[in-house]
Each structure stands twice: as C-alpha cells, then as structure tokens.
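Structure data (compact mmCIF, C-alpha atoms) from upload37.txt:
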# COMPACT_ATOMS: atom_id res chain seq x y z
CA MET A 1 -12.33 -26.33 20.36
CA ALA A 2 -11.71 -28.89 17.64
CA ALA A 3 -8.36 -28.77 15.92
CA ALA A 4 -10.12 -28.14 12.62
CA ASP A 5 -11.28 -24.76 13.89
CA GLY A 6 -7.74 -23.60 14.40
CA PRO A 7 -6.08 -22.68 17.64
CA ALA A 8 -7.93 -20.49 20.09
CA ASP A 9 -5.46 -17.64 19.67
CA GLY A 10 -5.67 -17.58 15.86
CA PHE A 11 -1.91 -17.84 15.47
CA GLY A 12 -1.22 -14.71 17.45
CA HIS A 13 -4.29 -12.78 16.34
CA ARG A 14 -7.48 -13.10 18.37
CA PHE A 15 -10.24 -13.20 15.76
CA ALA A 16 -13.40 -11.19 16.42
CA ASP A 17 -14.93 -13.34 13.68
CA PRO A 18 -13.67 -16.93 14.06
CA ALA A 19 -15.43 -17.90 10.82
CA LEU A 20 -12.71 -16.01 8.97
CA LEU A 21 -10.01 -18.08 10.62
CA ARG A 22 -11.86 -21.26 9.78
CA GLN A 23 -12.19 -20.20 6.16
CA ALA A 24 -8.51 -19.31 5.91
CA LEU A 25 -7.62 -22.83 6.95
CA SER A 26 -10.03 -24.51 4.52
CA HIS A 27 -8.39 -25.87 1.39
CA ARG A 28 -10.49 -25.89 -1.77
CA SER A 29 -10.76 -29.68 -1.46
CA VAL A 30 -13.28 -29.20 1.39
CA GLY A 31 -15.76 -27.51 -0.92
CA HIS A 32 -17.28 -24.13 -1.48
CA ALA A 33 -16.38 -22.14 1.66
CA ASN A 34 -12.65 -22.41 1.02
CA ASN A 35 -9.69 -20.08 1.34
CA GLU A 36 -9.09 -19.18 -2.31
CA ARG A 37 -10.55 -15.67 -2.22
CA LEU A 38 -8.81 -14.94 1.08
CA GLU A 39 -5.59 -16.14 -0.52
CA PHE A 40 -6.09 -13.76 -3.46
CA LEU A 41 -6.48 -10.86 -1.03
CA GLY A 42 -3.76 -12.02 1.35
CA ASP A 43 -1.19 -12.56 -1.38
CA SER A 44 -1.39 -8.90 -2.37
CA LEU A 45 -1.39 -7.72 1.24
CA VAL A 46 1.76 -9.70 1.92
CA GLY A 47 3.36 -8.04 -1.09
CA ALA A 48 2.44 -4.54 0.08
CA ILE A 49 3.32 -5.02 3.74
CA ILE A 50 6.69 -6.59 2.95
CA ALA A 51 7.36 -3.82 0.42
CA GLU A 52 6.87 -1.20 3.12
CA LEU A 53 8.91 -3.17 5.65
CA LEU A 54 11.82 -3.33 3.19
CA CYS A 55 11.56 0.37 2.33
CA ASP A 56 11.75 1.18 6.05
CA ARG A 57 14.62 -1.15 6.80
CA PHE A 58 16.73 -0.37 3.74
CA PRO A 59 16.40 3.35 3.06
CA LYS A 60 19.26 3.31 0.56
CA ALA A 61 18.36 0.19 -1.40
CA ASN A 62 17.25 0.73 -4.96
CA GLU A 63 14.11 -0.65 -6.56
CA GLY A 64 15.88 -3.65 -8.10
CA GLN A 65 17.40 -4.65 -4.77
CA LEU A 66 14.08 -4.26 -2.97
CA THR A 67 12.31 -6.31 -5.64
CA ARG A 68 14.81 -9.17 -5.42
CA LEU A 69 14.76 -9.13 -1.64
CA ARG A 70 11.00 -9.27 -1.53
CA ALA A 71 10.91 -12.11 -4.06
CA SER A 72 13.24 -14.10 -1.83
CA LEU A 73 11.06 -13.44 1.25
CA VAL A 74 7.65 -14.19 -0.25
CA ARG A 75 8.48 -17.18 -2.41
CA ARG A 76 6.40 -20.26 -1.84
CA GLU A 77 9.03 -22.05 0.23
CA SER A 78 9.39 -19.09 2.61
CA LEU A 79 5.67 -18.75 3.18
CA ALA A 80 5.31 -22.51 3.68
CA GLU A 81 8.08 -22.29 6.28
CA GLN A 82 6.12 -19.53 8.05
CA ALA A 83 3.09 -21.80 8.03
CA ARG A 84 5.12 -24.68 9.47
CA GLN A 85 6.43 -22.48 12.26
CA LEU A 86 2.81 -21.77 13.17
CA ASP A 87 1.99 -25.51 13.11
CA PHE A 88 -0.54 -24.90 10.36
CA GLY A 89 -0.47 -28.53 9.32
CA ASP A 90 -2.39 -29.54 12.43
CA HIS A 91 -5.21 -27.09 11.73
CA LEU A 92 -5.74 -27.20 7.98
CA ARG A 93 -9.08 -28.46 6.75
CA LEU A 94 -8.59 -30.73 3.76
CA GLY A 95 -10.86 -32.95 1.70
CA PRO A 96 -10.45 -36.74 2.02
CA GLY A 97 -8.24 -37.08 -1.07
CA GLU A 98 -5.78 -34.42 0.07
CA LEU A 99 -5.79 -35.82 3.60
CA LYS A 100 -4.82 -39.24 2.32
CA SER A 101 -2.03 -37.94 0.09
CA GLY A 102 -0.50 -35.86 2.90
CA GLY A 103 -1.71 -32.47 1.63
CA PHE A 104 -1.04 -30.88 5.03
CA ARG A 105 2.67 -31.17 4.20
CA ARG A 106 2.41 -29.77 0.65
CA GLU A 107 4.32 -26.52 0.19
CA SER A 108 1.72 -24.87 -2.02
CA ILE A 109 -1.16 -25.68 0.34
CA LEU A 110 0.76 -24.36 3.34
CA ALA A 111 1.86 -21.19 1.55
CA ASP A 112 -1.63 -20.50 0.20
CA ALA A 113 -3.15 -20.96 3.65
CA PHE A 114 -0.60 -18.59 5.14
CA GLU A 115 -1.59 -15.93 2.62
CA ALA A 116 -5.25 -16.62 3.33
CA LEU A 117 -4.61 -16.13 7.05
CA VAL A 118 -3.14 -12.70 6.30
CA GLY A 119 -6.26 -11.84 4.29
CA ALA A 120 -8.46 -13.05 7.14
CA ILE A 121 -6.63 -10.96 9.73
CA TYR A 122 -7.01 -7.91 7.50
CA LEU A 123 -10.77 -8.40 7.12
CA ASP A 124 -11.10 -9.13 10.83
CA ALA A 125 -9.10 -6.25 12.25
CA GLY A 126 -7.90 -3.91 9.50
CA TRP A 127 -4.63 -2.80 7.97
CA ASP A 128 -2.71 -1.80 11.08
CA ALA A 129 -3.35 -5.07 12.92
CA CYS A 130 -2.57 -7.13 9.84
CA ARG A 131 0.57 -5.15 9.10
CA ASP A 132 1.85 -5.42 12.68
CA TRP A 133 1.21 -9.16 12.77
CA LEU A 134 3.04 -9.80 9.52
CA ARG A 135 5.95 -7.47 10.27
CA ARG A 136 6.58 -9.25 13.56
CA ARG A 137 6.96 -12.48 11.64
CA PHE A 138 9.26 -11.17 8.90
CA GLU A 139 11.40 -8.64 10.74
CA PRO A 140 13.69 -11.26 12.29
CA LEU A 141 14.45 -12.62 8.81
CA LEU A 142 16.01 -9.29 7.84
CA ASP A 143 18.70 -9.23 10.52
CA GLY A 144 22.04 -9.38 8.80
CA VAL A 145 20.56 -9.18 5.30
CA ASP A 146 22.34 -6.86 2.88
CA PRO A 147 20.08 -5.95 -0.05
CA ARG A 148 23.14 -5.35 -2.23
CA HIS A 149 24.00 -9.03 -1.95
CA VAL A 150 20.70 -10.56 -2.95
CA ALA A 151 21.47 -12.03 -6.35
CA ASP A 152 19.36 -11.15 -9.37
CA ALA A 153 17.96 -13.86 -11.64
CA LYS A 154 20.72 -13.60 -14.27
CA SER A 155 23.42 -13.92 -11.61
CA ARG A 156 21.68 -16.89 -10.00
CA LEU A 157 21.34 -18.63 -13.35
CA GLN A 158 24.99 -17.96 -14.15
CA GLU A 159 26.09 -19.40 -10.81
CA TRP A 160 23.93 -22.44 -11.42
CA ALA A 161 25.56 -23.07 -14.82
CA GLN A 162 29.08 -22.49 -13.50
CA GLY A 163 28.47 -24.84 -10.60
CA ARG A 164 27.72 -27.57 -13.16
CA ASN A 165 30.60 -26.74 -15.50
CA ARG A 166 28.11 -25.86 -18.20
CA PRO A 167 28.40 -23.06 -20.77
CA LEU A 168 26.84 -19.77 -19.69
CA PRO A 169 23.24 -19.09 -20.73
CA GLU A 170 22.85 -17.05 -23.89
CA TYR A 171 20.49 -14.08 -24.14
CA VAL A 172 19.18 -13.41 -27.63
CA LEU A 173 17.12 -10.42 -28.70
CA ILE A 174 14.14 -11.84 -30.58
CA ASP A 175 12.18 -8.71 -31.21
CA ASN A 176 12.19 -5.04 -30.39
CA ALA A 177 8.77 -3.70 -31.11
CA GLY A 178 6.96 -0.47 -30.46
CA LEU A 179 7.65 3.19 -31.02
CA ALA A 180 10.42 5.15 -29.42
CA HIS A 181 8.23 6.15 -26.50
CA SER A 182 6.91 2.68 -25.69
CA GLN A 183 9.46 0.07 -26.69
CA SER A 184 9.16 -3.59 -25.90
CA PHE A 185 12.12 -5.97 -25.88
CA GLN A 186 11.70 -9.70 -26.31
CA ILE A 187 14.58 -11.80 -25.14
CA GLU A 188 15.16 -15.53 -25.20
CA CYS A 189 17.40 -17.20 -22.66
CA ARG A 190 18.99 -20.36 -24.08
CA LEU A 191 20.83 -23.15 -22.33
CA ASP A 192 23.30 -25.48 -24.01
CA ASP A 193 20.85 -28.40 -23.72
CA GLY A 194 18.24 -26.61 -25.84
CA GLN A 195 16.00 -25.34 -23.04
CA VAL A 196 14.56 -21.94 -23.87
CA SER A 197 12.69 -19.34 -21.85
CA ALA A 198 11.38 -15.95 -22.83
CA GLY A 199 11.14 -12.52 -21.26
CA GLN A 200 9.53 -9.29 -22.34
CA ALA A 201 9.87 -5.82 -20.86
CA GLY A 202 10.30 -2.15 -21.64
CA THR A 203 14.10 -2.33 -21.38
CA ARG A 204 16.52 -4.94 -22.63
CA LYS A 205 17.99 -5.37 -19.15
CA LYS A 206 14.62 -6.06 -17.57
CA ALA A 207 13.65 -8.45 -20.36
CA GLU A 208 16.85 -10.44 -19.80
CA GLN A 209 16.14 -10.64 -16.07
CA GLN A 210 12.61 -11.76 -16.85
CA ALA A 211 13.88 -14.49 -19.20
CA ALA A 212 16.42 -15.62 -16.60
CA LEU A 213 13.68 -15.79 -13.97
CA GLU A 214 11.54 -17.91 -16.28
CA MET A 215 14.50 -20.22 -16.83
CA LEU A 216 14.99 -20.56 -13.07
CA LYS A 217 11.33 -21.59 -12.91
CA LEU A 218 11.78 -24.13 -15.70
CA LEU A 219 14.70 -25.56 -13.77
CA GLY A 220 12.60 -25.74 -10.62
CA LEU A 221 14.85 -23.26 -8.82
CA GLU A 222 12.15 -20.64 -8.44
CA SER A 223 8.41 -20.86 -7.96
CA MET B 1 3.79 27.07 -7.76
CA ALA B 2 5.81 25.85 -10.73
CA ALA B 3 4.25 23.12 -12.81
CA ALA B 4 7.19 20.88 -12.01
CA ASP B 5 6.13 20.77 -8.36
CA GLY B 6 2.80 19.26 -9.25
CA PRO B 7 -0.61 20.78 -8.80
CA ALA B 8 -1.46 22.44 -5.50
CA ASP B 9 -4.07 19.83 -4.66
CA GLY B 10 -1.79 16.84 -5.26
CA PHE B 11 -4.24 15.21 -7.67
CA GLY B 12 -7.03 15.08 -5.14
CA HIS B 13 -4.88 14.45 -2.09
CA ARG B 14 -3.55 17.43 -0.14
CA PHE B 15 -0.01 16.42 0.80
CA ALA B 16 1.18 17.20 4.33
CA ASP B 17 4.67 16.60 2.93
CA PRO B 18 4.87 18.09 -0.57
CA ALA B 19 8.35 16.62 -1.01
CA LEU B 20 6.68 13.22 -1.40
CA LEU B 21 4.54 14.51 -4.26
CA ARG B 22 7.59 16.02 -5.92
CA GLN B 23 9.46 12.74 -5.61
CA ALA B 24 6.56 10.72 -7.03
CA LEU B 25 6.64 12.87 -10.16
CA SER B 26 10.42 12.61 -10.62
CA HIS B 27 11.50 10.12 -13.26
CA ARG B 28 14.84 8.40 -12.73
CA SER B 29 16.28 10.51 -15.56
CA VAL B 30 16.33 13.52 -13.18
CA GLY B 31 18.83 11.81 -10.89
CA HIS B 32 19.02 10.38 -7.43
CA ALA B 33 15.82 11.61 -5.72
CA ASN B 34 13.53 9.83 -8.16
CA ASN B 35 10.30 7.88 -7.90
CA GLU B 36 11.59 4.30 -8.26
CA ARG B 37 11.29 3.31 -4.60
CA LEU B 38 7.86 4.93 -4.34
CA GLU B 39 6.85 3.01 -7.44
CA PHE B 40 7.98 -0.26 -5.83
CA LEU B 41 5.81 0.47 -2.80
CA GLY B 42 2.90 1.91 -4.79
CA ASP B 43 2.76 -1.01 -7.22
CA SER B 44 2.09 -3.44 -4.38
CA LEU B 45 -0.39 -1.09 -2.70
CA VAL B 46 -2.35 -0.81 -5.93
CA GLY B 47 -2.44 -4.60 -6.11
CA ALA B 48 -3.75 -4.95 -2.56
CA ILE B 49 -6.28 -2.12 -2.70
CA ILE B 50 -7.73 -3.28 -6.02
CA ALA B 51 -7.82 -6.86 -4.69
CA GLU B 52 -9.97 -5.74 -1.77
CA LEU B 53 -12.15 -3.57 -3.99
CA LEU B 54 -12.85 -6.54 -6.26
CA CYS B 55 -13.56 -8.86 -3.32
CA ASP B 56 -16.10 -6.33 -2.04
CA ARG B 57 -17.75 -5.72 -5.37
CA PHE B 58 -17.88 -9.33 -6.56
CA PRO B 59 -18.64 -11.49 -3.53
CA LYS B 60 -19.31 -14.55 -5.68
CA ALA B 61 -16.37 -14.32 -8.08
CA ASN B 62 -13.76 -17.01 -7.72
CA GLU B 63 -10.04 -16.47 -7.37
CA GLY B 64 -9.34 -16.96 -11.08
CA GLN B 65 -11.95 -14.40 -12.07
CA LEU B 66 -10.67 -11.88 -9.52
CA THR B 67 -7.10 -12.41 -10.70
CA ARG B 68 -7.99 -11.83 -14.34
CA LEU B 69 -10.08 -8.81 -13.54
CA ARG B 70 -7.32 -7.25 -11.50
CA ALA B 71 -4.78 -7.93 -14.23
CA SER B 72 -6.99 -6.07 -16.68
CA LEU B 73 -7.37 -3.11 -14.31
CA VAL B 74 -3.75 -2.68 -13.28
CA ARG B 75 -2.01 -3.34 -16.57
CA ARG B 76 0.36 -0.67 -17.76
CA GLU B 77 -2.07 0.83 -20.25
CA SER B 78 -4.80 1.24 -17.62
CA LEU B 79 -2.50 2.94 -15.13
CA ALA B 80 -1.12 5.21 -17.84
CA GLU B 81 -4.69 6.15 -18.70
CA GLN B 82 -5.31 7.02 -15.04
CA ALA B 83 -2.22 9.20 -15.15
CA ARG B 84 -3.42 10.94 -18.31
CA GLN B 85 -6.79 11.66 -16.74
CA LEU B 86 -4.92 13.42 -13.94
CA ASP B 87 -2.87 15.41 -16.49
CA PHE B 88 0.30 13.88 -15.12
CA GLY B 89 2.21 14.69 -18.28
CA ASP B 90 2.25 18.39 -17.38
CA HIS B 91 3.78 17.77 -13.98
CA LEU B 92 6.33 15.01 -14.51
CA ARG B 93 9.94 15.88 -13.87
CA LEU B 94 12.13 14.35 -16.57
CA GLY B 95 15.81 14.60 -17.49
CA PRO B 96 16.75 16.46 -20.68
CA GLY B 97 17.01 13.30 -22.81
CA GLU B 98 13.55 12.05 -21.84
CA LEU B 99 12.08 15.52 -22.25
CA LYS B 100 13.39 15.73 -25.80
CA SER B 101 12.10 12.30 -26.76
CA GLY B 102 8.63 12.96 -25.40
CA GLY B 103 8.95 10.85 -22.26
CA PHE B 104 5.94 12.57 -20.69
CA ARG B 105 3.81 10.64 -23.17
CA ARG B 106 5.46 7.26 -22.62
CA GLU B 107 3.10 4.66 -21.19
CA SER B 108 5.62 3.11 -18.83
CA ILE B 109 6.72 6.47 -17.40
CA LEU B 110 3.12 7.51 -16.82
CA ALA B 111 2.12 4.19 -15.27
CA ASP B 112 5.18 4.12 -13.01
CA ALA B 113 4.52 7.67 -11.83
CA PHE B 114 0.91 6.80 -11.07
CA GLU B 115 2.07 3.91 -8.89
CA ALA B 116 4.62 6.19 -7.24
CA LEU B 117 1.87 8.70 -6.45
CA VAL B 118 -0.10 5.94 -4.70
CA GLY B 119 3.01 5.11 -2.65
CA ALA B 120 3.48 8.78 -1.81
CA ILE B 121 -0.12 9.20 -0.64
CA TYR B 122 0.28 6.12 1.58
CA LEU B 123 3.44 7.47 3.20
CA ASP B 124 1.86 10.92 3.56
CA ALA B 125 -1.49 9.94 5.03
CA GLY B 126 -1.70 6.20 5.68
CA TRP B 127 -3.65 3.24 4.42
CA ASP B 128 -7.21 4.54 4.75
CA ALA B 129 -6.54 7.78 2.87
CA CYS B 130 -4.60 5.98 0.16
CA ARG B 131 -7.23 3.28 -0.18
CA ASP B 132 -10.10 5.78 -0.40
CA TRP B 133 -8.26 7.83 -3.02
CA LEU B 134 -7.53 4.84 -5.22
CA ARG B 135 -10.96 3.27 -4.84
CA ARG B 136 -12.61 6.50 -5.95
CA ARG B 137 -10.58 6.31 -9.15
CA PHE B 138 -11.23 2.64 -9.94
CA GLU B 139 -14.80 2.13 -8.77
CA PRO B 140 -16.36 3.74 -11.85
CA LEU B 141 -14.46 1.29 -14.05
CA LEU B 142 -16.31 -1.61 -12.46
CA ASP B 143 -19.81 -0.52 -13.40
CA GLY B 144 -21.24 -3.08 -15.75
CA VAL B 145 -18.25 -5.40 -15.45
CA ASP B 146 -19.07 -9.09 -15.08
CA PRO B 147 -16.10 -11.02 -13.67
CA ARG B 148 -17.34 -14.18 -15.36
CA HIS B 149 -16.74 -12.57 -18.73
CA VAL B 150 -13.18 -11.43 -18.29
CA ALA B 151 -11.28 -13.77 -20.57
CA ASP B 152 -8.38 -15.81 -19.27
CA ALA B 153 -5.04 -15.84 -21.08
CA LYS B 154 -5.68 -19.10 -22.97
CA SER B 155 -9.03 -17.83 -24.23
CA ARG B 156 -7.54 -14.51 -25.30
CA LEU B 157 -4.75 -16.24 -27.16
CA GLN B 158 -7.21 -18.58 -28.85
CA GLU B 159 -9.36 -15.65 -29.97
CA TRP B 160 -6.28 -13.90 -31.29
CA ALA B 161 -5.30 -16.94 -33.39
CA GLN B 162 -8.85 -17.48 -34.67
CA GLY B 163 -9.16 -13.83 -35.61
CA ARG B 164 -6.13 -14.31 -37.88
CA ASN B 165 -7.21 -17.66 -39.31
CA ARG B 166 -4.22 -19.30 -37.74
CA PRO B 167 -4.03 -22.77 -36.18
CA LEU B 168 -4.76 -22.85 -32.46
CA PRO B 169 -1.79 -22.66 -30.08
CA GLU B 170 -0.48 -26.00 -28.86
CA TYR B 171 0.25 -26.69 -25.20
CA VAL B 172 2.93 -29.29 -24.61
CA LEU B 173 3.91 -30.77 -21.26
CA ILE B 174 7.70 -30.48 -21.09
CA ASP B 175 8.32 -31.72 -17.60
CA ASN B 176 6.46 -32.78 -14.51
CA ALA B 177 8.89 -32.67 -11.65
CA GLY B 178 8.64 -32.98 -7.91
CA LEU B 179 7.10 -35.40 -5.49
CA ALA B 180 3.41 -36.06 -5.16
CA HIS B 181 3.03 -33.37 -2.52
CA SER B 182 4.81 -30.61 -4.41
CA GLN B 183 4.46 -31.16 -8.13
CA SER B 184 5.60 -28.72 -10.74
CA PHE B 185 4.30 -28.71 -14.31
CA GLN B 186 6.26 -27.14 -17.13
CA ILE B 187 4.29 -26.32 -20.22
CA GLU B 188 5.31 -24.85 -23.53
CA CYS B 189 2.87 -22.89 -25.64
CA ARG B 190 3.71 -23.16 -29.34
CA LEU B 191 2.42 -21.13 -32.27
CA ASP B 192 2.46 -22.33 -35.87
CA ASP B 193 5.18 -19.82 -36.75
CA GLY B 194 7.60 -21.35 -34.26
CA GLN B 195 7.18 -18.86 -31.43
CA VAL B 196 7.42 -20.57 -28.06
CA SER B 197 6.67 -19.46 -24.52
CA ALA B 198 6.89 -21.33 -21.26
CA GLY B 199 4.88 -21.59 -18.06
CA GLN B 200 5.47 -23.35 -14.79
CA ALA B 201 3.05 -23.92 -11.90
CA GLY B 202 1.80 -26.41 -9.38
CA THR B 203 -1.06 -27.56 -11.61
CA ARG B 204 -1.15 -28.26 -15.33
CA LYS B 205 -4.02 -25.83 -15.81
CA LYS B 206 -2.19 -22.97 -14.14
CA ALA B 207 1.01 -23.72 -16.06
CA GLU B 208 -0.92 -23.55 -19.35
CA GLN B 209 -2.43 -20.20 -18.37
CA GLN B 210 1.02 -18.98 -17.42
CA ALA B 211 2.44 -20.07 -20.79
CA ALA B 212 -0.46 -18.40 -22.62
CA LEU B 213 0.13 -15.19 -20.67
CA GLU B 214 3.81 -15.25 -21.61
CA MET B 215 2.83 -15.72 -25.25
CA LEU B 216 0.47 -12.73 -25.05
CA LYS B 217 3.45 -10.75 -23.76
CA LEU B 218 5.66 -11.97 -26.61
CA LEU B 219 2.98 -10.85 -29.03
CA GLY B 220 2.81 -7.45 -27.34
CA LEU B 221 -0.80 -8.02 -26.26
CA GLU B 222 -0.03 -7.93 -22.56
CA SER B 223 2.54 -6.08 -20.52
Could you spell out this file's structure in structure tokens?
Amino acid sequence: MAAADGPADGFGHRFADPALLRQALSHRSVGHANNERLEFLGDSLVGAIIAELLCDRFPKANEGQLTRLRASLVRRESLAEQARQLDFGDHLRLGPGELKSGGFRRESILADAFEALVGAIYLDAGWDACRDWLRRRFEPLLDGVDPRHVADAKSRLQEWAQGRNRPLPEYVLIDNAGLAHSQSFQIECRLDDGQVSAGQAGTRKKAEQQAALEMLKLLGLES
Amino acid sequence: MAAADGPADGFGHRFADPALLRQALSHRSVGHANNERLEFLGDSLVGAIIAELLCDRFPKANEGQLTRLRASLVRRESLAEQARQLDFGDHLRLGPGELKSGGFRRESILADAFEALVGAIYLDAGWDACRDWLRRRFEPLLDGVDPRHVADAKSRLQEWAQGRNRPLPEYVLIDNAGLAHSQSFQIECRLDDGQVSAGQAGTRKKAEQQAALEMLKLLGLES
C-alpha cells in the first residue's frame, strides 16, 4: 500500500472503509475530497470524549477545573503531538505548495488531521470504538494530573506578566447590559504596553477569564 | 411526584436512574449536588451530536457553513428555547435567591439545564439513546434551512452597521507572528465609535471572522 493511503492498520483502528482514512489524511490543498468536514465532526467528538474521560477520572473536580483541563489537553499543540506520535507526517496527503513548504510539519495541519481521523473512526465504527481509541491515547496523559492545579487564564496571564517584571494586567468593566435575569458583562483586559483584549459573559468572573484567554491568544500563548 | 423532581417521563427519556434527572435540573444555587458537571459533559455532547446531524443533512456543505449553522443552533437563546418547549421552568430546582429573582426564566439557567439534561441522558442510557433524543428535537429546525445562507460573523456585523447607517467595521492586522509553518494572525476589528475586538487564528480570514464574532458578542448580538 502506498504511504499516501495511510498505514495498513489505520493508526490502531482497522478501517472497514479505507476511503475514510484516506480522506482524513487529505489536506484541503489536495482538492475537493479533503478532511475539512471530518475535522469539523472530529473536533466536537474529541471535545465530548475527553469531557467524559475527565468526568470519570476526576469525580470531584468542578466545571471550571474540568474546562481548563480539557483546554490544556485538546489545544492545537497537544493534538499535533498526538499526530506526531502516530507518524502522521509520513501519511498526510498535501498539495504541491504545502509539500514544498513543509506542511507535513505544520502544527495546525497535523492537529486538524488528527481530529479528522477521530471523525473518520466514528463514521467507520461508531461511538464506542471511537471513544475507546481516543481514551487509550489520552488516558496516559492524565497520570499525576491534579485538576486543582491547572491554572486558569487569569492566573496564567498574571504569571506571564510577573515573569517579565511587568505590571499586572488590568480588568476594566466596559459595559453591563441586559435585564436582571439575563445580564451580560463586557470586560477589557489591558496590558501596560497598550494591548487590549475583550471578554463577554453572563458573569463578571467569566468575562474576565474570557478576556484573559483572548489576551493569551494575542500573545501567542494559547491557540 | 413533586414538580421539583421533574416530570415522570424525564422529558421524553425514561430515566433508569432518576437521580441523574434530578441533578440535571438542580441549579448551582441549590448547593453541592448541582448540574454544573453534567452541563460540562452535555455541552460537548450537544456539539458532537449536532455536528453529525448537520453532516448527515448537508452532505455538500463545507466546514465553514457547518460551523456557522451549528453556532446558530446551539447558541444560548436556542437552547433556552428548547428548555422552554419542555416546560423546564416548572421543574428547575433553584436556591431561594434565584427563585425570588425569577431565575427559572433566565436564559443562561435554562440553556445550562438543557445541556445538563443531555449529559444526564447520556450517562443514563448511552450515546445512541442520547443522540436519538437530541436529534428528534433539532431535526425539525433544519427543514428549509440552506447552509449556504447562514451568514458568517463578518457579514452579520456588516449588516448590523449598514442597518444603522454607520461606517463599515475596519479590520486591522496587528501582528503576524510565527514561522512559515505555523503562522498566527492577530486582527483587530474597529467600529467608528472606538469599540475594538480582537481575533487570532492561523489564517487572516479566520482571524477576521474571530474578531467579528467577538465584536458581535460585545454588541450583545451573540453569546
């Protein structure tokens, strides 16, 4: 079998329909039959399967802890690392331009293809098979993890500023709209160098976290 | 059965474990055994199940169209509407403060409880039962929908500005960091009144959409 068709064992799942595997490994640069729809499906499946895994493993963790832990597990870099462990790079199908510029090493292409593979396994064999496959890959990452110690966005941003001897970020309430039973808080996070991000949520606390997360993205510390 | 325990039929799913139903309907204001963890799980299950439903129904839609369509289906207002159709308000368990302030009508409380119910059905009966239950509720919403006509965030923001005779939003590239194989574009969306939002993504186009979406949130047009 040619490398472009993916490995015979489908990365630990034996595909009944090998066309699905081939599609999962096809970047949009190859044309129409690419992995973008599978990625859309797989992305959400990863979210749900990891959510359940975390609920099982951490029966006392609260929603905020579970949310932060999942964000750390499914961020682009983590999924790209999963793809690298499976030697995805050797099996990706890329258009000529992406091939030339080393697209098989690009984090976003690897992470997207990993999500697409999850979508393909689901369509090929159903929820239980897909869930088992993904859990096997993520369970080892949870050994020794304490959900109480996964930092939230505000804490991470604060640590970042402190580590650079910079003033702490400021959080400013811009607007508080809505009626008593559906309030909406708009918060700006401001750095001393003038960078600004915004967050909006139903509570002030959540809006501040949202703004901090956006700032981490602006700083390239979160994808 | 008291109203606080939820209806005998569990909103169309007969619970083997009625404690799950009770928990799904318990807002955090009632104390420890509340629905926040179920909501965390249910939120991601809703995302995955609706993703698959849309892939099935719209075999030719691209990823961007599917993403926009899902966002319109699972936004807070839509889930709260689902909860209202199930007469959730009569069965929610709220603490005294929330009861007094009419929390059973609050959009976020209704939407969160709906997601928690989805999580509870999954834990009670598994993926297939949960998926069937949710699909039955969302399938009618897709009749007549054309995924090509669901507006993206930039288009919606543009329409909003035009409808108010205001200048069009400006999109400004703030930073373009990273190496060739993992670029990151940072875009600011600016309104004429000085409001600013930010977006960050691996392509300029996606970063602009992200910034437009954040602006829609700032304007209270998106949750």
Expected answer as a ChimeraX atom specification: chain A residues within 9 Å of chain B, all atoms listed in the file: /A:36-49,51-52,55,61-64,66-67,101-108,127-128,175,177-178,180-182,184-186,196-202,214-215,217-218,220,223
Which residues, written as a PDB file with C-alpha atoms, keeping the file's coordinate frame, have at least one atom at most 6 Å from Ala153 in chain A, with all atoms listed in the file counted and residues fewer than 2 positions away on the same chain left out?
ATOM      1  CA  SER A 155      23.420 -13.920 -11.610  1.00  0.00           C
ATOM      2  CA  ARG A 156      21.680 -16.890 -10.000  1.00  0.00           C
ATOM      3  CA  GLN A 209      16.140 -10.640 -16.070  1.00  0.00           C
ATOM      4  CA  ALA A 212      16.420 -15.620 -16.600  1.00  0.00           C
ATOM      5  CA  LEU A 213      13.680 -15.790 -13.970  1.00  0.00           C
TER       6      LEU A 213
END
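The coordinates place CA of Ala161 in chain A at 9.8 Å from CA of Asp192 in chain A.
For the atom pair formed by CA of Asn34 in chain B and CA of Arg131 in chain B, the distance is 23.2 Å, given to one decimal.
Put simply, CA of Ala113 in chain B is 10.0 Å away from CA of Arg93 in chain B.
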Non-local contacts of Arg166 in chain A (12 Å; only C-alpha atoms; under 6 positions in same chain excluded) as a VMD selection string: chain A and resid 157 to 160 191 to 193
Given all atoms listed in the file as the counted atoms, nearest of B:Glu81, B:Glu170, B:Asp17, B:Glu208 to Leu141 in chain B: B:Glu81
